[in-house]
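Here's the structure we're looking at; comments come further down.
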Amino acid sequence: MADFQKLWRHGSRSFPFRESDFALHRFDEAAYSFILLAYLRKTVNGGAVVGGQYAEGSGAVDISVRYEGKEYLIEVKLKYSYDKDSLSQLSGYLDDAGEEEGWLVVFDRDKAKSWDQKIFCKTEKFRNKTIHVFGC
């Protein structure tokens with residue numbers, strides 16, 4: 001995930017969507033999930049199975065990576081939607097999958113913030129689950 005953060009920091013300026021595109025097509029969070037999904041498919045290709053869910057509100061985790069019998073669950077949020085509910089949501093997905101550890105990737109689109117404010121990594125314990133939170 002640290003490598004993805006570096007890629008995002010350097011490459012997000014060329015991100016092809018405008019703010020108006022998000023309102024028009026209603027794929028706000030999904031667009032960021034697609035970018036992370038594409039990155040993961042390229043980086044873990046050959047040794048893992050990477051899948052994503054594309055129907056917002058369907059009750060499924062955004063990205064799942066299966067590798068050597070373990071499932072790595074990744075939830076994607078935009079900064080304005082990241083809160084304790086995000087941790088609760090991911091914790092529920094982890095319970096359903098029988099996993100103890102998950103990843104929450106939070107994209108911050110605030111242009112007034114520096115990259116040093118947006119890029120972070122922290123680990124939280126929530127309902128006996130370990131959740132790694134990555135800011136992008």
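By convention in this document, the chains of the structure tokens carry letters A, B, ... by their order, each chain's residues are numbered from 1, and ligands are numbered from 1 in the order they are shown.
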Residue list (strand (DSSP E or B), DSSP) for chain A, as a CSV table (one decimal) with N, CA and C atoms, in the first residue's frame:
chain,number,residue,atom,x,y,z
A,49,VAL,N,-5.5,-13.7,-6.6
A,49,VAL,CA,-6.8,-13.4,-7.3
A,49,VAL,C,-7.3,-12.1,-6.7
A,50,VAL,N,-7.5,-11.1,-7.6
A,50,VAL,CA,-8.0,-9.8,-7.1
A,50,VAL,C,-9.4,-9.6,-7.7
A,51,GLY,N,-10.3,-9.2,-6.8
A,51,GLY,CA,-11.7,-9.0,-7.3
A,51,GLY,C,-12.2,-7.7,-6.7
A,52,GLY,N,-13.2,-7.2,-7.3
A,52,GLY,CA,-13.8,-6.0,-6.8
A,52,GLY,C,-15.3,-6.0,-7.0
A,63,ILE,N,-12.8,-4.3,-2.4
A,63,ILE,CA,-11.8,-5.1,-3.1
A,63,ILE,C,-11.4,-6.3,-2.2
A,64,SER,N,-11.2,-7.4,-2.9
A,64,SER,CA,-10.8,-8.6,-2.2
A,64,SER,C,-9.6,-9.2,-2.9
A,65,VAL,N,-8.5,-9.5,-2.2
A,65,VAL,CA,-7.4,-10.2,-2.7
A,65,VAL,C,-7.2,-11.5,-2.0
A,66,ARG,N,-7.2,-12.6,-2.8
A,66,ARG,CA,-7.0,-14.0,-2.3
A,66,ARG,C,-5.7,-14.5,-2.6
A,67,TYR,N,-4.9,-14.9,-1.6
A,67,TYR,CA,-3.6,-15.3,-1.8
A,67,TYR,C,-3.2,-16.3,-0.8
A,70,LYS,N,-5.6,-17.1,2.1
A,70,LYS,CA,-6.0,-16.0,3.0
A,70,LYS,C,-6.7,-15.0,2.1
A,71,GLU,N,-7.7,-14.3,2.7
A,71,GLU,CA,-8.4,-13.2,2.0
A,71,GLU,C,-8.1,-11.9,2.6
A,72,TYR,N,-7.6,-11.0,1.8
A,72,TYR,CA,-7.3,-9.6,2.2
A,72,TYR,C,-8.4,-8.7,1.7
A,73,LEU,N,-9.1,-8.1,2.7
A,73,LEU,CA,-10.2,-7.2,2.3
A,73,LEU,C,-9.8,-5.8,2.4
A,74,ILE,N,-10.2,-5.0,1.4
A,74,ILE,CA,-9.9,-3.6,1.3
A,74,ILE,C,-11.2,-2.8,1.0
A,75,GLU,N,-11.4,-1.8,1.9
A,75,GLU,CA,-12.5,-0.9,1.7
A,75,GLU,C,-12.0,0.4,1.3
A,76,VAL,N,-12.6,1.1,0.4
A,76,VAL,CA,-12.2,2.4,-0.1
A,76,VAL,C,-13.3,3.4,0.3
A,77,LYS,N,-12.8,4.5,0.8
A,77,LYS,CA,-13.6,5.6,1.2
A,77,LYS,C,-13.1,7.0,0.7
A,78,LEU,N,-13.9,7.9,0.6
A,78,LEU,CA,-13.5,9.3,0.4
A,78,LEU,C,-13.4,10.0,1.7
A,101,GLU,N,-7.9,-9.1,10.0
A,101,GLU,CA,-7.1,-8.0,9.6
A,101,GLU,C,-7.7,-7.5,8.2
A,102,GLY,N,-7.8,-6.1,8.1
A,102,GLY,CA,-8.3,-5.5,6.9
A,102,GLY,C,-7.6,-4.2,6.6
A,103,TRP,N,-7.9,-3.6,5.4
A,103,TRP,CA,-7.3,-2.4,5.0
A,103,TRP,C,-8.4,-1.4,4.6
A,104,LEU,N,-8.2,-0.2,5.0
A,104,LEU,CA,-9.1,0.9,4.7
A,104,LEU,C,-8.3,2.0,4.0
A,105,VAL,N,-8.7,2.3,2.7
A,105,VAL,CA,-7.9,3.3,1.9
A,105,VAL,C,-8.8,4.5,1.8
A,106,VAL,N,-8.3,5.6,2.3
A,106,VAL,CA,-9.1,6.9,2.3
A,106,VAL,C,-8.5,7.9,1.4
A,107,PHE,N,-9.2,8.3,0.3
A,107,PHE,CA,-8.8,9.3,-0.6
A,107,PHE,C,-9.3,10.6,-0.2
A,120,PHE,N,-0.8,9.1,4.8
A,120,PHE,CA,-0.5,8.6,6.2
A,120,PHE,C,-0.8,7.1,6.2
A,121,CYS,N,-0.4,6.5,7.3
A,121,CYS,CA,-0.7,5.1,7.5
A,121,CYS,C,-0.8,4.9,9.0
A,122,LYS,N,-1.9,4.3,9.5
A,122,LYS,CA,-2.0,4.0,10.9
A,122,LYS,C,-2.8,2.7,11.0
A,123,THR,N,-2.6,2.1,12.2
A,123,THR,CA,-3.3,0.8,12.4
A,123,THR,C,-4.2,1.0,13.6
A,124,GLU,N,-5.4,0.6,13.5
A,124,GLU,CA,-6.4,0.8,14.6
A,124,GLU,C,-7.0,-0.6,14.9
A,125,LYS,N,-7.3,-0.8,16.2
A,125,LYS,CA,-8.0,-1.9,16.7
A,125,LYS,C,-9.5,-1.5,16.8
A,126,PHE,N,-10.4,-2.3,16.2
A,126,PHE,CA,-11.8,-2.0,16.2
A,126,PHE,C,-12.5,-3.3,16.3
A,129,LYS,N,-10.6,-6.4,15.7
A,129,LYS,CA,-10.0,-6.5,14.4
A,129,LYS,C,-8.9,-5.5,14.2
A,130,THR,N,-7.9,-5.9,13.4
A,130,THR,CA,-6.8,-5.0,13.1
A,130,THR,C,-7.1,-4.3,11.8
A,131,ILE,N,-7.2,-3.0,11.7
A,131,ILE,CA,-7.5,-2.3,10.5
A,131,ILE,C,-6.4,-1.3,10.2
A,132,HIS,N,-5.8,-1.5,9.0
A,132,HIS,CA,-4.7,-0.6,8.6
A,132,HIS,C,-5.4,0.5,7.7
A,133,VAL,N,-5.2,1.7,8.1
A,133,VAL,CA,-5.8,2.8,7.4
A,133,VAL,C,-4.7,3.6,6.7
A,134,PHE,N,-4.9,3.7,5.4
A,134,PHE,CA,-4.0,4.4,4.5
A,134,PHE,C,-4.6,5.6,3.9
A,135,GLY,N,-4.0,6.8,4.1
A,135,GLY,CA,-4.5,8.0,3.4
A,135,GLY,C,-3.8,8.2,2.1
- prompt: Taking the backbone alone, and naming residues the way the document does, which bits of chain A are alpha helix (DSSP H) by DSSP, as a PyMOL selection string?
  reply: chain A and resi 2-11+19-25+28-43+84-97+115-118
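The space between atom CA of Arg41 of chain A and atom CA of Ala97 of chain A spans 20.8 Å.
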- prompt: atom CA of Phe34 of chain A to atom CA of Asp85 of chain A: how many Å, to one decimal?
  reply: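 Pair atom CA of Phe34 of chain A / atom CA of Asp85 of chain A returns 22.0 Å.
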query: Which distance in Å separates atom CA of Ala38 of chain A and atom CA of Ala60 of chain A, to one decimal?
result: 18.3 Å
query: Using only C-alpha atoms, which residue out of A:Asp116, A:Glu99, A:Asp62, A:Glu68 lies closest to Ser86 of chain A?
result: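 Comparing A:Asp116, A:Glu99, A:Asp62, A:Glu68 against Ser86 of chain A, the winner is A:Asp62.
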field: Residue nearest Val61 of chain A among A:Gly92, A:Gly11, A:Gly46, A:Gly98 (counting only C-alpha atoms)
entry: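 Answer, going by the shortest atom-to-atom distance: A:Gly92.
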- line: Gln5 of chain A proximity check over A:Arg127, A:Ile119, A:Lys79, A:Gly69, using only C-alpha atoms: winner is A:Ile119
